[in-house]
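K.L.:
This is input34.txt (compact mmCIF, C-alpha atoms).
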# COMPACT_ATOMS: atom_id res chain seq x y z
CA VAL N 362 -24.46 -15.56 -4.26
CA TYR N 363 -24.82 -11.90 -3.25
CA ALA N 364 -28.47 -12.00 -2.08
CA ASN N 365 -27.66 -11.46 1.61
CA VAL N 366 -24.82 -8.94 1.42
CA THR N 367 -24.58 -5.76 3.46
CA SER N 368 -24.09 -2.62 1.36
CA GLY N 369 -21.48 0.01 2.11
CA THR N 370 -19.66 3.00 0.64
CA SER N 371 -16.53 3.18 2.84
CA ARG N 372 -13.02 1.88 2.36
CA ILE N 373 -11.92 -0.99 4.64
CA THR N 374 -8.49 -1.80 6.04
CA LEU N 375 -8.15 -5.32 7.41
CA SER N 376 -5.59 -6.22 10.04
CA PRO N 377 -3.69 -9.51 9.75
CA GLY N 378 -5.91 -12.54 10.27
CA SER N 379 -9.13 -10.67 9.41
CA SER N 380 -11.97 -11.71 7.15
CA ARG N 381 -15.05 -10.14 5.58
CA THR N 382 -18.08 -11.96 4.27
CA ASP N 383 -21.30 -10.94 2.50
CA LEU N 384 -20.38 -7.37 1.64
CA SER N 385 -21.08 -5.08 -1.32
CA ILE N 386 -19.14 -1.80 -1.59
CA ILE N 387 -19.54 1.03 -4.09
CA GLU N 388 -16.68 3.46 -3.48
CA ASN N 389 -14.85 6.00 -5.68
CA SER N 390 -11.93 7.52 -3.75
CA GLY N 391 -9.25 6.17 -6.10
CA GLU N 392 -7.57 4.45 -3.14
CA PRO N 393 -7.90 0.68 -2.58
CA THR N 394 -11.44 -0.14 -1.49
CA ILE N 395 -10.15 -3.00 0.69
CA THR N 396 -6.57 -3.24 1.96
CA CYS N 397 -5.30 -6.49 3.49
CA ASN N 398 -2.38 -5.54 5.77
CA GLY N 399 -1.60 -9.22 6.34
CA SER N 400 -3.31 -12.54 5.80
CA CYS N 401 -7.02 -12.05 5.15
CA SER N 402 -10.06 -13.71 3.59
CA LEU N 403 -12.86 -12.21 1.51
CA THR N 404 -15.93 -14.32 0.79
CA ARG N 405 -18.97 -13.23 -1.22
CA VAL N 406 -17.67 -9.69 -1.58
CA ARG N 407 -18.65 -7.40 -4.44
CA ILE N 408 -16.71 -4.19 -5.18
CA GLN N 409 -17.40 -1.40 -7.65
CA SER N 410 -14.69 1.25 -7.46
CA ARG N 411 -11.68 2.96 -9.02
CA GLU N 412 -9.23 0.61 -7.19
CA GLY N 413 -10.27 -2.80 -5.82
CA VAL N 414 -8.22 -4.80 -3.30
CA ARG N 415 -4.60 -4.21 -2.21
CA CYS N 416 -2.59 -7.08 -0.71
CA VAL N 417 0.29 -5.97 1.48
CA SER N 418 1.55 -9.36 2.73
CA GLY N 419 0.47 -12.75 3.95
CA ASN N 420 -1.92 -15.35 2.63
CA ILE N 421 -4.88 -13.76 0.88
CA ASN N 422 -7.99 -15.82 0.06
CA LEU N 423 -10.76 -14.56 -2.20
CA THR N 424 -13.81 -16.75 -2.78
CA TRP N 425 -16.88 -15.63 -4.74
CA VAL N 426 -15.49 -12.11 -5.14
CA TYR N 427 -16.72 -9.85 -7.96
CA ILE N 428 -14.64 -6.74 -8.64
CA THR N 429 -15.38 -4.13 -11.24
CA ALA N 430 -13.05 -1.14 -11.45
CA THR N 431 -12.72 1.78 -13.83
CA ALA N 432 -9.92 4.34 -13.86
CA VAL N 433 -10.63 8.04 -13.73
CA GLY N 434 -8.05 10.38 -15.28
CA SER N 435 -4.52 9.14 -14.58
CA ASP N 436 -5.53 6.44 -12.04
CA HIS N 437 -3.46 3.26 -11.96
CA THR N 438 -6.43 0.97 -11.45
CA ASP N 439 -6.30 -2.73 -10.65
CA GLY N 440 -8.98 -5.14 -9.48
CA LEU N 441 -6.52 -6.75 -7.07
CA GLN N 442 -2.93 -5.63 -6.64
CA CYS N 443 -0.18 -7.27 -4.60
CA TYR N 444 2.31 -4.53 -3.91
CA ALA N 445 4.66 -4.24 -0.96
CA PRO N 446 8.29 -4.71 -2.01
CA GLY N 447 9.87 -7.65 -0.21
CA SER N 448 6.60 -8.97 1.21
CA THR N 449 5.44 -12.49 0.59
CA GLY N 450 2.42 -14.74 0.76
CA THR N 451 0.08 -16.90 -1.26
CA VAL N 452 -2.90 -15.34 -2.99
CA THR N 453 -5.70 -17.80 -3.74
CA VAL N 454 -8.64 -16.65 -5.88
CA LYS N 455 -11.56 -19.02 -6.49
CA ASN N 456 -14.95 -18.65 -8.17
CA SER N 457 -14.37 -14.95 -8.80
CA THR N 458 -14.70 -12.30 -11.53
CA PHE N 459 -12.55 -9.29 -12.42
CA LYS N 460 -14.38 -6.95 -14.78
CA MET N 461 -12.30 -3.92 -15.61
CA GLY N 462 -13.24 -0.77 -17.48
CA SER N 463 -10.31 1.49 -18.35
CA ALA N 464 -7.85 -0.09 -15.94
CA ASN N 465 -4.33 -1.46 -15.73
CA ALA N 466 -5.25 -5.07 -14.89
CA GLY N 467 -7.79 -7.27 -13.22
CA TYR N 468 -4.97 -8.80 -11.16
CA PHE N 469 -1.49 -7.27 -10.86
CA SER N 470 1.45 -8.30 -8.71
CA ALA N 471 4.44 -6.00 -8.86
CA ASP N 472 7.77 -4.71 -7.72
CA ASN N 473 9.28 -7.57 -5.76
CA TRP N 474 6.15 -8.83 -4.01
CA GLN N 475 7.24 -12.43 -3.58
CA GLY N 476 4.66 -15.15 -3.39
CA SER N 477 2.50 -17.67 -5.16
CA HIS N 478 -0.69 -16.98 -7.09
CA VAL N 479 -3.44 -19.60 -7.35
CA PHE N 480 -6.48 -19.10 -9.60
CA GLU N 481 -9.38 -21.53 -9.92
CA ASN N 482 -12.66 -20.83 -11.72
CA VAL N 483 -11.83 -17.17 -12.39
CA LEU N 484 -13.04 -14.86 -15.16
CA PHE N 485 -11.09 -11.83 -16.40
CA GLU N 486 -12.67 -9.18 -18.62
CA GLY N 487 -11.29 -5.83 -19.76
CA GLY N 488 -8.46 -3.51 -18.80
CA ASN N 489 -5.01 -3.33 -20.35
CA PHE N 490 -4.41 -6.91 -19.19
CA GLY N 491 -6.60 -9.42 -17.37
CA LEU N 492 -3.73 -10.98 -15.42
CA ARG N 493 -0.27 -9.46 -15.11
CA ILE N 494 2.50 -10.93 -12.98
CA PRO N 495 6.14 -10.04 -13.65
CA ALA N 496 8.88 -12.41 -12.47
CA ASP N 497 9.66 -9.97 -9.64
CA GLY N 498 5.98 -10.09 -8.59
CA GLY N 499 5.85 -13.71 -7.53
CA SER N 500 7.44 -17.11 -7.62
CA SER N 501 4.69 -19.17 -9.25
CA VAL N 502 1.25 -19.08 -10.87
CA SER N 503 -1.31 -21.90 -10.89
CA LEU N 504 -4.24 -21.66 -13.31
CA LYS N 505 -7.26 -23.99 -13.33
CA ASN N 506 -10.43 -23.13 -15.27
CA VAL N 507 -9.35 -19.52 -15.80
CA TYR N 508 -11.15 -17.64 -18.57
CA PHE N 509 -10.33 -14.44 -20.45
CA VAL N 510 -13.05 -12.65 -22.44
CA ARG N 511 -11.72 -12.50 -25.99
CA GLY N 512 -11.29 -9.01 -27.45
CA SER N 513 -11.88 -7.19 -24.15
CA PHE N 514 -8.23 -6.33 -23.33
CA GLN N 515 -6.29 -3.30 -24.54
CA TYR N 516 -2.97 -5.17 -24.84
CA GLY N 517 -3.53 -8.82 -23.96
CA ALA N 518 -5.35 -11.29 -21.77
CA PHE N 519 -2.26 -11.94 -19.65
CA LEU N 520 1.38 -10.94 -19.35
CA PHE N 521 4.06 -12.74 -17.38
CA ASP N 522 6.98 -10.31 -17.70
CA VAL N 523 10.58 -11.51 -17.75
CA VAL N 524 12.62 -9.52 -15.20
CA ASN N 525 16.43 -9.60 -15.22
CA GLY N 526 16.32 -12.81 -17.25
CA ARG N 527 14.06 -14.48 -14.69
CA ARG N 528 10.69 -16.01 -15.58
CA ILE N 529 7.78 -16.92 -13.34
CA ASN N 530 6.95 -20.63 -12.90
CA ILE N 531 3.54 -21.52 -14.30
Would you give me this structure, written as structure tokens?
P.N.:
Amino acid sequence: VYANVTSGTSRITLSPGSSRTDLSIIENSGEPTITCNGSCSLTRVRIQSREGVRCVSGNINLTWVYITATAVGSDHTDGLQCYAPGSTGTVTVKNSTFKMGSANAGYFSADNWQGSHVFENVLFEGGNFGLRIPADGGSSVSLKNVYFVRGSFQYGAFLFDVVNGRRINI
């Protein structure tokens, strides 16, 4: 899958409607390696860093993405994080892997990021949680052929937090 990727060491910020394909990045700034400032697509992208992908808003599509992230010191490390209070969109992740070292989560949506989360053929390994979506981090979650490596999580494979009595639709 990654035989024809271009290697890089720099962070990338994508404008709305952008896409990146066939890319491998090793980067250790502690900031998101790739930031999607609006709808974006990542295909056959491999990331090794302290902080993977940040979704700001819009429809985000990840296909054949492999993210490994490890926190350093007090980093709040996620493989993919949707965070932009009040923003919305649909995040679709297919045929991808989140392999976390000491990290918060493979996938984390937080603090009133409103949207849907779709996972198909995804593997989560390591971190505090593999998949964490509080009720204020999205409206719904769809899971098809999603796998969690047993015994690799600090606290649990997944957590769908209840917020103000509200639960996320699964």
K.L.:
Leaving out Gly476 in chain N and any residue of its chain fewer than 5 positions from it, which residues lie within 10 Å of it when counting all atoms listed in the file, given as a list in words?
P.N.:
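The residues that qualify are Ser418, Gly419, Asn420, Cys443, Gly447, Ser448, Thr449, Gly450, Thr451, Val452, Ser470, Asp497, Gly498, Gly499, Ser500, Ser501 and Val502 of chain N.
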K.L.:
Name the residues in contact with Ala430 in chain N at a cut-off of 12 Å, using all atoms listed in the file, excluding same-chain residues fewer than 4 positions from it; report them as a short mmCIF file (atom, residue, chain, number, x, y, z; two decimals) with C-alpha atoms, in the frame of the given file.
P.N.:
data_model
loop_
_atom_site.label_atom_id
_atom_site.label_comp_id
_atom_site.auth_asym_id
_atom_site.auth_seq_id
_atom_site.Cartn_x
_atom_site.Cartn_y
_atom_site.Cartn_z
CA ILE N 386 -19.14 -1.80 -1.59
CA ILE N 387 -19.54 1.03 -4.09
CA GLU N 388 -16.68 3.46 -3.48
CA ASN N 389 -14.85 6.00 -5.68
CA SER N 390 -11.93 7.52 -3.75
CA GLY N 391 -9.25 6.17 -6.10
CA GLU N 392 -7.57 4.45 -3.14
CA PRO N 393 -7.90 0.68 -2.58
CA THR N 394 -11.44 -0.14 -1.49
CA ARG N 407 -18.65 -7.40 -4.44
CA ILE N 408 -16.71 -4.19 -5.18
CA GLN N 409 -17.40 -1.40 -7.65
CA SER N 410 -14.69 1.25 -7.46
CA ARG N 411 -11.68 2.96 -9.02
CA GLU N 412 -9.23 0.61 -7.19
CA GLY N 413 -10.27 -2.80 -5.82
CA VAL N 414 -8.22 -4.80 -3.30
CA ASP N 436 -5.53 6.44 -12.04
CA HIS N 437 -3.46 3.26 -11.96
CA THR N 438 -6.43 0.97 -11.45
CA ASP N 439 -6.30 -2.73 -10.65
CA GLY N 440 -8.98 -5.14 -9.48
CA LEU N 441 -6.52 -6.75 -7.07
CA THR N 458 -14.70 -12.30 -11.53
CA PHE N 459 -12.55 -9.29 -12.42
CA LYS N 460 -14.38 -6.95 -14.78
CA MET N 461 -12.30 -3.92 -15.61
CA GLY N 462 -13.24 -0.77 -17.48
CA SER N 463 -10.31 1.49 -18.35
CA ALA N 464 -7.85 -0.09 -15.94
CA ASN N 465 -4.33 -1.46 -15.73
CA ALA N 466 -5.25 -5.07 -14.89
CA GLY N 467 -7.79 -7.27 -13.22
CA TYR N 468 -4.97 -8.80 -11.16
CA PHE N 485 -11.09 -11.83 -16.40
CA GLU N 486 -12.67 -9.18 -18.62
CA GLY N 487 -11.29 -5.83 -19.76
CA GLY N 488 -8.46 -3.51 -18.80
#
K.L.:
Could you work out how far CA of Ile494 in chain N lies from CA of Ala471 in chain N, giving the answer in Å with one decimal?
P.N.:
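Here the two named atoms are 6.7 Å from each other.
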K.L.:
Counting all atoms listed in the file, which residue out of N:Asn489, N:Thr374, N:Thr453, N:Asn473 sits closest to Leu504 in chain N?
P.N.:
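Going through N:Asn489, N:Thr374, N:Thr453, N:Asn473 one by one, the smallest distance to Leu504 in chain N is for N:Thr453.
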K.L.:
So, counting all atoms listed in the file, which residue among N:Asn525, N:Ser400, N:Asn482, N:Thr370 is closest to Ser503 in chain N?
P.N.:
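Nearest to Ser503 in chain N: N:Asn482.
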K.L.:
Under the rule that only C-alpha atoms are counted, which of N:Gln475, N:Thr382, N:Asn422, N:Gln442 is the nearest residue to Lys455 in chain N?
P.N.:
N:Asn422
